[in-house]
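Okay, my_file10.cif is below, mmCIF, C-alpha atoms and all ligand atoms:
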data_protein
loop_
_atom_site.group_PDB
_atom_site.id
_atom_site.type_symbol
_atom_site.label_atom_id
_atom_site.label_comp_id
_atom_site.auth_asym_id
_atom_site.auth_seq_id
_atom_site.Cartn_x
_atom_site.Cartn_y
_atom_site.Cartn_z
ATOM 1 C CA MET A 1 -19.001 16.997 9.830
ATOM 2 C CA ASN A 2 -17.439 19.731 7.689
ATOM 3 C CA THR A 3 -15.176 19.109 4.712
ATOM 4 C CA GLN A 4 -12.042 20.348 6.492
ATOM 5 C CA ILE A 5 -12.406 17.695 9.221
ATOM 6 C CA ARG A 6 -12.990 15.017 6.577
ATOM 7 C CA LYS A 7 -9.834 16.139 4.772
ATOM 8 C CA ILE A 8 -7.864 15.976 8.024
ATOM 9 C CA ILE A 9 -9.092 12.391 8.579
ATOM 10 C CA MET A 10 -8.080 11.540 4.977
ATOM 11 C CA ALA A 11 -4.639 13.087 5.530
ATOM 12 C CA CYS A 12 -3.978 11.358 8.894
ATOM 13 C CA THR A 13 -5.114 7.927 7.709
ATOM 14 C CA GLY A 14 -3.291 8.356 4.370
ATOM 15 C CA LEU A 15 0.014 9.324 5.985
ATOM 16 C CA PHE A 16 -0.308 6.464 8.475
ATOM 17 C CA LEU A 17 -0.865 4.065 5.532
ATOM 18 C CA CYS A 18 2.286 5.479 3.865
ATOM 19 C CA PHE A 19 4.258 4.735 7.026
ATOM 20 C CA PHE A 20 2.819 1.185 7.110
ATOM 21 C CA LEU A 21 3.905 0.725 3.493
ATOM 22 C CA LEU A 22 7.500 1.561 4.393
ATOM 23 C CA ILE A 23 7.541 -1.006 7.229
ATOM 24 C CA HIS A 24 5.762 -3.595 5.052
ATOM 25 C CA PHE A 25 8.251 -2.940 2.251
ATOM 26 C CA LEU A 26 11.296 -3.281 4.535
ATOM 27 C CA GLY A 27 9.960 -6.573 5.981
ATOM 28 C CA ASN A 28 9.254 -7.941 2.508
ATOM 29 C CA THR A 29 12.771 -7.203 1.233
ATOM 30 C CA GLN A 30 13.628 -10.569 2.836
ATOM 31 C CA LEU A 31 11.996 -12.097 -0.261
ATOM 32 C CA PHE A 32 15.106 -11.042 -2.208
ATOM 33 C CA LEU A 33 17.351 -13.355 -0.134
ATOM 34 C CA ALA A 34 18.507 -16.741 -1.457
ATOM 35 C CA PRO A 35 15.443 -19.109 -1.441
ATOM 36 C CA GLU A 36 16.203 -21.238 1.671
ATOM 37 C CA GLU A 37 17.382 -18.238 3.699
ATOM 38 C CA ALA A 38 14.377 -16.197 2.529
ATOM 39 C CA ARG A 39 11.978 -19.005 3.472
ATOM 40 C CA LYS A 40 13.391 -19.274 6.973
ATOM 41 C CA SER A 41 13.645 -15.576 7.772
ATOM 42 C CA PHE A 42 10.404 -14.464 6.038
ATOM 43 C CA ASN A 43 8.344 -17.159 7.797
ATOM 44 C CA MET A 44 9.985 -16.412 11.145
ATOM 45 C CA TYR A 45 9.275 -12.710 10.679
ATOM 46 C CA SER A 46 5.584 -13.345 9.773
ATOM 47 C CA SER A 47 5.139 -15.617 12.752
ATOM 48 C CA PHE A 48 6.726 -13.018 15.051
ATOM 49 C CA LEU A 49 4.307 -10.377 13.712
ATOM 50 C CA THR A 50 1.200 -12.510 14.291
ATOM 51 C CA GLY A 51 2.276 -13.478 17.806
ATOM 52 C CA ASN A 52 3.012 -9.938 18.971
ATOM 53 C CA ILE A 53 0.187 -8.145 20.833
ATOM 54 C CA PHE A 54 1.507 -4.652 19.991
ATOM 55 C CA VAL A 55 1.640 -5.512 16.273
ATOM 56 C CA LYS A 56 -1.887 -6.923 16.560
ATOM 57 C CA LEU A 57 -3.178 -3.629 18.002
ATOM 58 C CA VAL A 58 -1.409 -1.630 15.279
ATOM 59 C CA SER A 59 -2.959 -3.876 12.620
ATOM 60 C CA TYR A 60 -6.467 -3.006 13.914
ATOM 61 C CA VAL A 61 -5.558 0.687 13.503
ATOM 62 C CA LEU A 62 -4.349 -0.236 10.009
ATOM 63 C CA TYR A 63 -7.622 -1.943 8.991
ATOM 64 C CA LEU A 64 -9.614 0.988 10.412
ATOM 65 C CA SER A 65 -7.406 3.472 8.510
ATOM 66 C CA ILE A 66 -7.959 1.664 5.193
ATOM 67 C CA ILE A 67 -11.735 1.669 5.758
ATOM 68 C CA LEU A 68 -11.923 5.329 6.904
ATOM 69 C CA HIS A 69 -9.621 6.510 4.103
ATOM 70 C CA ALA A 70 -11.801 4.792 1.474
ATOM 71 C CA ILE A 71 -15.123 5.930 3.000
ATOM 72 C CA TYR A 72 -14.091 9.589 3.360
ATOM 73 C CA ALA A 73 -12.611 9.569 -0.152
ATOM 74 C CA LEU A 74 -16.012 8.439 -1.419
ATOM 75 C CA ILE A 75 -17.873 11.068 0.635
ATOM 76 C CA ILE A 76 -15.577 13.932 -0.430
ATOM 77 C CA SER A 77 -15.674 13.016 -4.116
ATOM 78 C CA THR A 78 -19.476 12.624 -4.026
ATOM 79 C CA ILE A 79 -19.799 16.098 -2.463
ATOM 80 C CA ASN A 80 -17.422 17.563 -5.081
ATOM 81 C CA ARG A 81 -19.390 15.961 -7.889
ATOM 82 C CA LYS A 82 -22.717 17.266 -6.540
ATOM 83 C CA ALA A 83 -21.227 20.753 -6.202
ATOM 84 C CA GLY A 84 -20.740 20.687 -9.986
ATOM 85 C CA GLY A 85 -17.907 22.605 -11.585
ATOM 86 C CA HIS A 86 -16.310 22.510 -14.951
ATOM 87 C CA TYR A 87 -15.139 18.940 -14.524
ATOM 88 C CA SER A 88 -17.349 16.299 -13.011
ATOM 89 C CA THR A 89 -15.010 15.277 -10.185
ATOM 90 C CA ASP A 90 -12.595 18.141 -9.891
ATOM 91 C CA ASN A 91 -12.518 21.747 -10.968
ATOM 92 C CA ARG A 92 -8.837 22.506 -10.684
ATOM 93 C CA GLY A 93 -8.646 22.697 -14.487
ATOM 94 C CA ARG A 94 -6.300 21.263 -17.007
ATOM 95 C CA SER A 95 -3.240 22.896 -15.462
ATOM 96 C CA SER A 96 -3.276 20.211 -12.715
ATOM 97 C CA LYS A 97 -1.721 16.799 -13.362
ATOM 98 C CA TRP A 98 -4.002 14.012 -14.667
ATOM 99 C CA TYR A 99 -3.273 11.880 -11.602
ATOM 100 C CA SER A 100 -4.252 14.631 -9.164
ATOM 101 C CA ARG A 101 -7.605 14.927 -11.009
ATOM 102 C CA ASN A 102 -8.107 11.146 -10.894
ATOM 103 C CA MET A 103 -7.277 10.288 -7.289
ATOM 104 C CA GLY A 104 -10.680 8.554 -6.988
ATOM 105 C CA ILE A 105 -9.997 6.226 -9.942
ATOM 106 C CA LEU A 106 -6.447 5.453 -8.754
ATOM 107 C CA GLY A 107 -7.782 4.877 -5.227
ATOM 108 C CA THR A 108 -10.438 2.475 -6.561
ATOM 109 C CA ILE A 109 -7.768 0.444 -8.431
ATOM 110 C CA ILE A 110 -5.744 0.279 -5.182
ATOM 111 C CA LEU A 111 -8.812 -0.780 -3.183
ATOM 112 C CA ILE A 112 -9.492 -3.627 -5.642
ATOM 113 C CA PHE A 113 -5.789 -4.549 -5.379
ATOM 114 C CA ILE A 114 -6.003 -4.630 -1.556
ATOM 115 C CA VAL A 115 -9.030 -6.967 -1.655
ATOM 116 C CA LEU A 116 -7.135 -9.292 -4.040
ATOM 117 C CA HIS A 117 -3.976 -8.975 -1.919
ATOM 118 C CA PHE A 118 -5.832 -9.898 1.289
ATOM 119 C CA GLN A 119 -7.321 -12.898 -0.477
ATOM 120 C CA ASN A 120 -3.874 -13.965 -1.836
ATOM 121 C CA PHE A 121 -1.916 -13.823 1.420
ATOM 122 C CA TRP A 122 -3.647 -12.455 4.506
ATOM 123 C CA TYR A 123 -6.672 -14.783 4.262
ATOM 124 C CA VAL A 124 -4.537 -17.830 3.443
ATOM 125 C CA TYR A 125 -2.192 -17.074 6.356
ATOM 126 C CA LYS A 126 -4.973 -16.534 8.904
ATOM 127 C CA PHE A 127 -7.661 -18.991 7.752
ATOM 128 C CA GLY A 128 -6.350 -21.115 4.872
ATOM 129 C CA SER A 129 -4.756 -24.533 5.026
ATOM 130 C CA ILE A 130 -1.065 -23.715 5.039
ATOM 131 C CA GLY A 131 1.858 -26.103 5.591
ATOM 132 C CA LEU A 132 4.707 -25.668 8.062
ATOM 133 C CA ASP A 133 8.336 -25.093 7.081
ATOM 134 C CA PRO A 134 11.179 -27.266 8.531
ATOM 135 C CA TRP A 135 11.553 -24.764 11.403
ATOM 136 C CA GLY A 136 7.907 -25.147 12.506
ATOM 137 C CA HIS A 137 6.530 -21.841 11.170
ATOM 138 C CA LYS A 138 3.602 -21.397 8.775
ATOM 139 C CA ASP A 139 5.138 -21.480 5.294
ATOM 140 C CA LEU A 140 3.948 -18.106 3.996
ATOM 141 C CA TYR A 141 7.069 -17.839 1.828
ATOM 142 C CA THR A 142 5.925 -20.806 -0.283
ATOM 143 C CA VAL A 143 2.435 -19.260 -0.566
ATOM 144 C CA VAL A 144 3.989 -16.006 -1.874
ATOM 145 C CA VAL A 145 6.304 -17.851 -4.297
ATOM 146 C CA THR A 146 3.472 -20.055 -5.623
ATOM 147 C CA ALA A 147 1.298 -16.965 -6.171
ATOM 148 C CA PHE A 148 3.984 -15.062 -8.086
ATOM 149 C CA GLN A 149 4.802 -18.020 -10.319
ATOM 150 C CA GLN A 150 1.627 -16.975 -12.168
ATOM 151 C CA GLY A 151 2.524 -14.375 -14.803
ATOM 152 C CA TRP A 152 -0.948 -12.780 -14.862
ATOM 153 C CA LEU A 153 -0.783 -12.041 -11.119
ATOM 154 C CA VAL A 154 2.662 -10.459 -11.522
ATOM 155 C CA ILE A 155 1.227 -8.183 -14.242
ATOM 156 C CA VAL A 156 -1.754 -7.244 -12.014
ATOM 157 C CA TYR A 157 0.634 -6.390 -9.151
ATOM 158 C CA VAL A 158 2.893 -4.283 -11.387
ATOM 159 C CA ILE A 159 -0.100 -2.322 -12.760
ATOM 160 C CA ALA A 160 -1.419 -1.818 -9.199
ATOM 161 C CA MET A 161 2.015 -0.538 -8.093
ATOM 162 C CA ALA A 162 1.988 2.004 -10.955
ATOM 163 C CA ALA A 163 -1.458 3.216 -9.784
ATOM 164 C CA LEU A 164 -0.185 3.305 -6.185
ATOM 165 C CA ALA A 165 2.880 5.356 -7.207
ATOM 166 C CA TYR A 166 0.768 8.080 -8.858
ATOM 167 C CA HIS A 167 -1.720 8.010 -5.965
ATOM 168 C CA LEU A 168 1.104 8.458 -3.434
ATOM 169 C CA ILE A 169 2.940 11.167 -5.396
ATOM 170 C CA GLN A 170 -0.202 13.320 -5.197
ATOM 171 C CA GLY A 171 -1.413 12.039 -1.804
ATOM 172 C CA ILE A 172 1.754 12.508 0.257
ATOM 173 C CA SER A 173 2.263 16.157 -0.641
ATOM 174 C CA SER A 174 -1.435 17.022 -0.339
ATOM 175 C CA GLY A 175 -1.717 15.165 3.014
ATOM 176 C CA ILE A 176 1.284 17.031 4.417
ATOM 177 C CA ARG A 177 -0.199 20.321 3.127
ATOM 178 C CA THR A 178 -3.643 19.601 4.669
ATOM 179 C CA LEU A 179 -2.033 19.050 8.066
ATOM 180 C CA GLY A 180 0.126 22.165 7.632
ATOM 181 C CA LEU A 181 3.236 20.234 8.594
ATOM 182 C CA PHE A 182 5.702 22.525 6.827
ATOM 183 C CA HIS A 183 6.549 26.142 6.096
ATOM 184 C CA PRO A 184 5.090 27.322 2.723
ATOM 185 C CA LYS A 185 8.550 28.060 1.348
ATOM 186 C CA PHE A 186 9.326 24.305 1.416
ATOM 187 C CA VAL A 187 6.443 23.278 -0.919
ATOM 188 C CA ARG A 188 8.879 22.257 -3.652
ATOM 189 C CA TRP A 189 10.867 20.056 -1.258
ATOM 190 C CA ILE A 190 7.735 18.405 0.096
ATOM 191 C CA ASN A 191 6.664 17.578 -3.463
ATOM 192 C CA ILE A 192 10.096 16.137 -4.253
ATOM 193 C CA PHE A 193 10.099 14.119 -1.008
ATOM 194 C CA GLY A 194 6.621 12.697 -1.831
ATOM 195 C CA MET A 195 7.741 11.763 -5.315
ATOM 196 C CA VAL A 196 10.964 10.032 -4.232
ATOM 197 C CA TYR A 197 9.192 8.138 -1.394
ATOM 198 C CA ALA A 198 6.359 7.016 -3.685
ATOM 199 C CA ILE A 199 8.573 5.906 -6.566
ATOM 200 C CA ALA A 200 11.145 4.123 -4.366
ATOM 201 C CA ILE A 201 8.500 2.130 -2.480
ATOM 202 C CA CYS A 202 6.365 1.255 -5.509
ATOM 203 C CA VAL A 203 9.291 0.251 -7.728
ATOM 204 C CA GLY A 204 10.648 -1.840 -4.828
ATOM 205 C CA PHE A 205 7.270 -3.553 -4.328
ATOM 206 C CA ALA A 206 6.860 -4.165 -8.077
ATOM 207 C CA LEU A 207 10.307 -5.797 -8.212
ATOM 208 C CA MET A 208 9.223 -8.445 -5.637
ATOM 209 C CA PRO A 209 6.741 -10.367 -7.834
ATOM 210 C CA ILE A 210 8.980 -9.831 -10.888
ATOM 211 C CA TYR A 211 12.040 -11.177 -9.031
ATOM 212 C CA ILE A 212 10.122 -14.210 -7.722
ATOM 213 C CA TYR A 213 8.601 -14.939 -11.130
ATOM 214 C CA PHE A 214 12.004 -15.009 -12.856
ATOM 215 C CA THR A 215 13.866 -16.872 -10.109
ATOM 216 C CA HIS A 216 11.211 -19.569 -9.500
ATOM 217 C CA ASN A 217 9.984 -20.507 -12.983
HETATM 218 C C1 LIG B 301 4.089 -6.454 -4.048
HETATM 219 C C2 LIG B 301 4.667 -6.752 -2.951
HETATM 220 C C3 LIG B 301 3.934 -7.222 -1.731
HETATM 221 C C4 LIG B 301 4.087 -8.429 -1.135
HETATM 222 C C5 LIG B 301 5.008 -9.555 -1.586
HETATM 223 C C6 LIG B 301 3.219 -8.446 0.012
HETATM 224 C C7 LIG B 301 3.075 -9.521 0.872
HETATM 225 C C8 LIG B 301 2.187 -9.599 1.914
HETATM 226 C C9 LIG B 301 1.973 -10.755 2.744
HETATM 227 C C10 LIG B 301 2.721 -12.075 2.582
HETATM 228 C C11 LIG B 301 1.022 -10.443 3.668
HETATM 229 C C12 LIG B 301 0.446 -11.365 4.768
HETATM 230 C C13 LIG B 301 1.199 -11.164 6.033
HETATM 231 C C14 LIG B 301 0.384 -11.435 7.243
HETATM 232 O O1 LIG B 301 -0.853 -11.395 7.206
HETATM 233 O O2 LIG B 301 1.017 -11.623 8.282
HETATM 234 C C15 LIG B 301 0.634 -9.072 3.438
HETATM 235 C C16 LIG B 301 -0.285 -8.371 4.195
HETATM 236 C C17 LIG B 301 -0.718 -7.104 3.912
HETATM 237 N N1 LIG B 301 -0.325 -6.315 2.851
HETATM 238 FE FE1 LIG B 301 1.108 -6.785 1.507
HETATM 239 N N2 LIG B 301 2.560 -7.249 0.119
HETATM 240 C C18 LIG B 301 2.952 -6.468 -0.951
HETATM 241 C C19 LIG B 301 2.488 -5.192 -1.246
HETATM 242 C C20 LIG B 301 1.500 -4.522 -0.551
HETATM 243 C C21 LIG B 301 0.980 -3.225 -0.894
HETATM 244 C C22 LIG B 301 1.480 -2.391 -2.058
HETATM 245 C C23 LIG B 301 0.014 -2.922 0.021
HETATM 246 C C24 LIG B 301 -0.864 -1.701 0.126
HETATM 247 C C25 LIG B 301 -1.244 -0.974 -0.902
HETATM 248 C C26 LIG B 301 -0.069 -4.015 0.950
HETATM 249 C C27 LIG B 301 -0.939 -4.086 2.015
HETATM 250 C C28 LIG B 301 -1.018 -5.138 2.909
HETATM 251 C C29 LIG B 301 -1.874 -5.136 4.083
HETATM 252 C C30 LIG B 301 -2.787 -3.997 4.525
HETATM 253 C C31 LIG B 301 -1.683 -6.377 4.715
HETATM 254 C C32 LIG B 301 -2.339 -6.882 6.010
HETATM 255 C C33 LIG B 301 -1.363 -6.600 7.151
HETATM 256 C C34 LIG B 301 -1.842 -7.094 8.500
HETATM 257 O O3 LIG B 301 -2.653 -8.002 8.584
HETATM 258 O O4 LIG B 301 -1.366 -6.542 9.507
HETATM 259 N N3 LIG B 301 0.847 -4.984 0.580
HETATM 260 N N4 LIG B 301 1.343 -8.582 2.367
#
Just give me the structure as structure tokens.
Amino acid sequence: MNTQIRKIIMACTGLFLCFFLLIHFLGNTQLFLAPEEARKSFNMYSSFLTGNIFVKLVSYVLYLSIILHAIYALIISTINRKAGGHYSTDNRGRSSKWYSRNMGILGTIILIFIVLHFQNFWYVYKFGSIGLDPWGHKDLYTVVVTAFQQGWLVIVYVIAMAALAYHLIQGISSGIRTLGLFHPKFVRWINIFGMVYAIAICVGFALMPIYIYFTHN
């Protein structure tokens, strides 16, 4: 498989993951509601998602995208490293931003975050022993609140969201460029769009654990 095809797979899976993040973020904004209302609507929403066959199919595409995105990132950076160059992982030189030269490191931090995140919530929801709320749904809200009452976990999440923001700022514009989804004269606007999208989503996500920590301790 040539490098261009690998880059196209990275771009498609990456942009799909960005779209998932927006949906995930919008669903999670229910955590900002008043506690009893948040518990009811967040648990109802999670139970709707797990019971829906279409959502189930999309989540298989999601898992596959995470795996492919990580594997191809590893393959491409290994090839780049073997090809040599002035810098060990990238030879774009010092004129490029530090985060565009360190996409591999940022991606690795995010991958570790995703493993921790799956263990925190996804695993507990699917396989853990989890109580029911007064409306008969699995009480994922209480699992989330209990997790974010721990200051260290809030700090880990905030650091991971900073890594995610830089990864997305670089990734969104380079993914759109790889797929040639715009006219070259709009490069500046694509970069601005990527930056606003990345910062809005990551700041919003980071505020969730912070908000829960300060309202439930
Ligand atoms: C910091 C705020 C976040 C909160 C409170 C949060 C909460 C949750 C919860 C409660 C679940 C379990 C839902 C379920 O399995 O039905 C979940 C699943 C998931 N989260 Fe997050 N999340 C956050 C940020 C993120 C970020 C930044 C990413 C990606 C980098 C992410 C990726 C995922 C994925 C891939 C799943 C599995 C979805 C599925 O099974 O379909 N989450 N999240």
- Give the answer as one residue: which of A:Leu168, A:Ile8, A:Ile71, A:Ile112 has the shortest atom-to-atom distance to A:Met195, using all atoms listed in the file?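 The shortest atom-to-atom distance to A:Met195 comes from A:Leu168.
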- Task: Find the spatial neighbours of stretch 177-191 of chain A, counting all atoms listed in the file, within a cut-off of 12 Å - ignore same-chain residues fewer than 4 positions away - and output them as a PyMOL selection string.
- Result: chain A and resi 3-15+168-173+195-198
Selection file, C-alpha atoms, as an mmCIF file, in the frame of the given file:
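Output (result-v7.cif):
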data_model
loop_
_atom_site.group_PDB
_atom_site.id
_atom_site.type_symbol
_atom_site.label_atom_id
_atom_site.label_comp_id
_atom_site.auth_asym_id
_atom_site.auth_seq_id
_atom_site.Cartn_x
_atom_site.Cartn_y
_atom_site.Cartn_z
ATOM 1 C CA THR A 3 -15.176 19.109 4.712
ATOM 2 C CA GLN A 4 -12.042 20.348 6.492
ATOM 3 C CA ILE A 5 -12.406 17.695 9.221
ATOM 4 C CA ARG A 6 -12.990 15.017 6.577
ATOM 5 C CA LYS A 7 -9.834 16.139 4.772
ATOM 6 C CA ILE A 8 -7.864 15.976 8.024
ATOM 7 C CA ILE A 9 -9.092 12.391 8.579
ATOM 8 C CA MET A 10 -8.080 11.540 4.977
ATOM 9 C CA ALA A 11 -4.639 13.087 5.530
ATOM 10 C CA CYS A 12 -3.978 11.358 8.894
ATOM 11 C CA THR A 13 -5.114 7.927 7.709
ATOM 12 C CA GLY A 14 -3.291 8.356 4.370
ATOM 13 C CA LEU A 15 0.014 9.324 5.985
ATOM 14 C CA LEU A 168 1.104 8.458 -3.434
ATOM 15 C CA ILE A 169 2.940 11.167 -5.396
ATOM 16 C CA GLN A 170 -0.202 13.320 -5.197
ATOM 17 C CA GLY A 171 -1.413 12.039 -1.804
ATOM 18 C CA ILE A 172 1.754 12.508 0.257
ATOM 19 C CA SER A 173 2.263 16.157 -0.641
ATOM 20 C CA MET A 195 7.741 11.763 -5.315
ATOM 21 C CA VAL A 196 10.964 10.032 -4.232
ATOM 22 C CA TYR A 197 9.192 8.138 -1.394
ATOM 23 C CA ALA A 198 6.359 7.016 -3.685
#
- Task: Check which residues fall inside 9 Å of ligand LIG 301 (chain B) when counting only C-alpha atoms and all ligand atoms, and print them as a PyMOL selection string.
- Result: chain A and resi 17-18+20-21+24-25+28-29+31+42+45-50+55-56+58-60+62-63+66+110-111+113-114+117-118+120-126+140-141+143-145+148+154+157-158+160-161+164+201-202+204-209
Writing out the chosen residues with C-alpha atoms as a compact mmCIF listing (two decimals), in the frame of the given file:
# COMPACT_ATOMS: atom_id res chain seq x y z
CA LEU A 17 -0.86 4.07 5.53
CA CYS A 18 2.29 5.48 3.86
CA PHE A 20 2.82 1.18 7.11
CA LEU A 21 3.90 0.72 3.49
CA HIS A 24 5.76 -3.60 5.05
CA PHE A 25 8.25 -2.94 2.25
CA ASN A 28 9.25 -7.94 2.51
CA THR A 29 12.77 -7.20 1.23
CA LEU A 31 12.00 -12.10 -0.26
CA PHE A 42 10.40 -14.46 6.04
CA TYR A 45 9.28 -12.71 10.68
CA SER A 46 5.58 -13.34 9.77
CA SER A 47 5.14 -15.62 12.75
CA PHE A 48 6.73 -13.02 15.05
CA LEU A 49 4.31 -10.38 13.71
CA THR A 50 1.20 -12.51 14.29
CA VAL A 55 1.64 -5.51 16.27
CA LYS A 56 -1.89 -6.92 16.56
CA VAL A 58 -1.41 -1.63 15.28
CA SER A 59 -2.96 -3.88 12.62
CA TYR A 60 -6.47 -3.01 13.91
CA LEU A 62 -4.35 -0.24 10.01
CA TYR A 63 -7.62 -1.94 8.99
CA ILE A 66 -7.96 1.66 5.19
CA ILE A 110 -5.74 0.28 -5.18
CA LEU A 111 -8.81 -0.78 -3.18
CA PHE A 113 -5.79 -4.55 -5.38
CA ILE A 114 -6.00 -4.63 -1.56
CA HIS A 117 -3.98 -8.98 -1.92
CA PHE A 118 -5.83 -9.90 1.29
CA ASN A 120 -3.87 -13.96 -1.84
CA PHE A 121 -1.92 -13.82 1.42
CA TRP A 122 -3.65 -12.46 4.51
CA TYR A 123 -6.67 -14.78 4.26
CA VAL A 124 -4.54 -17.83 3.44
CA TYR A 125 -2.19 -17.07 6.36
CA LYS A 126 -4.97 -16.53 8.90
CA LEU A 140 3.95 -18.11 4.00
CA TYR A 141 7.07 -17.84 1.83
CA VAL A 143 2.44 -19.26 -0.57
CA VAL A 144 3.99 -16.01 -1.87
CA VAL A 145 6.30 -17.85 -4.30
CA PHE A 148 3.98 -15.06 -8.09
CA VAL A 154 2.66 -10.46 -11.52
CA TYR A 157 0.63 -6.39 -9.15
CA VAL A 158 2.89 -4.28 -11.39
CA ALA A 160 -1.42 -1.82 -9.20
CA MET A 161 2.02 -0.54 -8.09
CA LEU A 164 -0.18 3.30 -6.18
CA ILE A 201 8.50 2.13 -2.48
CA CYS A 202 6.36 1.25 -5.51
CA GLY A 204 10.65 -1.84 -4.83
CA PHE A 205 7.27 -3.55 -4.33
CA ALA A 206 6.86 -4.16 -8.08
CA LEU A 207 10.31 -5.80 -8.21
CA MET A 208 9.22 -8.44 -5.64
CA PRO A 209 6.74 -10.37 -7.83
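Of the residues listed (A:Phe54, A:Asn43, A:Thr108, A:Ser129), A:Thr108 shows the shortest atom-to-atom separation from A:Leu74; distances use all atoms listed in the file.
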- Nearest to A:Thr215, chosen from A:Gly27, A:Tyr166, A:Thr146, A:Ser100, with all atoms listed in the file counted in the distances: A:Thr146
- Task: Return the single residue from A:Ile210, A:Val156, A:Ile192, A:Met1 that is closest to A:Ile75, with distances computed using all atoms listed in the file.
- Result: A:Met1
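Across the structure, atom CA of A:Ile130 and atom CA of A:Leu26 are spaced 23.9 Å apart.
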- Task: Please indicate the distance in Å from atom CA of A:Gly128 to atom CA of A:Ile53, rounded to one decimal place.
- Result: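 According to the coordinates, atom CA of A:Gly128 and atom CA of A:Ile53 are separated by 21.6 Å.
What separates atom CA of A:Pro35 from atom CA of A:Thr142 is a distance of 9.7 Å.
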- Task: Counting all atoms listed in the file, figure out which residue out of A:Gly194, A:Gly136, A:Gly131, A:Gly151 gets nearest to A:His167.
- Result: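 Checking each of A:Gly194, A:Gly136, A:Gly131, A:Gly151 against A:His167, counting all atoms listed in the file, the winner is A:Gly194.
Comparing A:Phe32, A:Phe214, A:Tyr99, A:Phe16 by their smallest distance to A:Leu64, the closest is A:Phe16 (using all atoms listed in the file).
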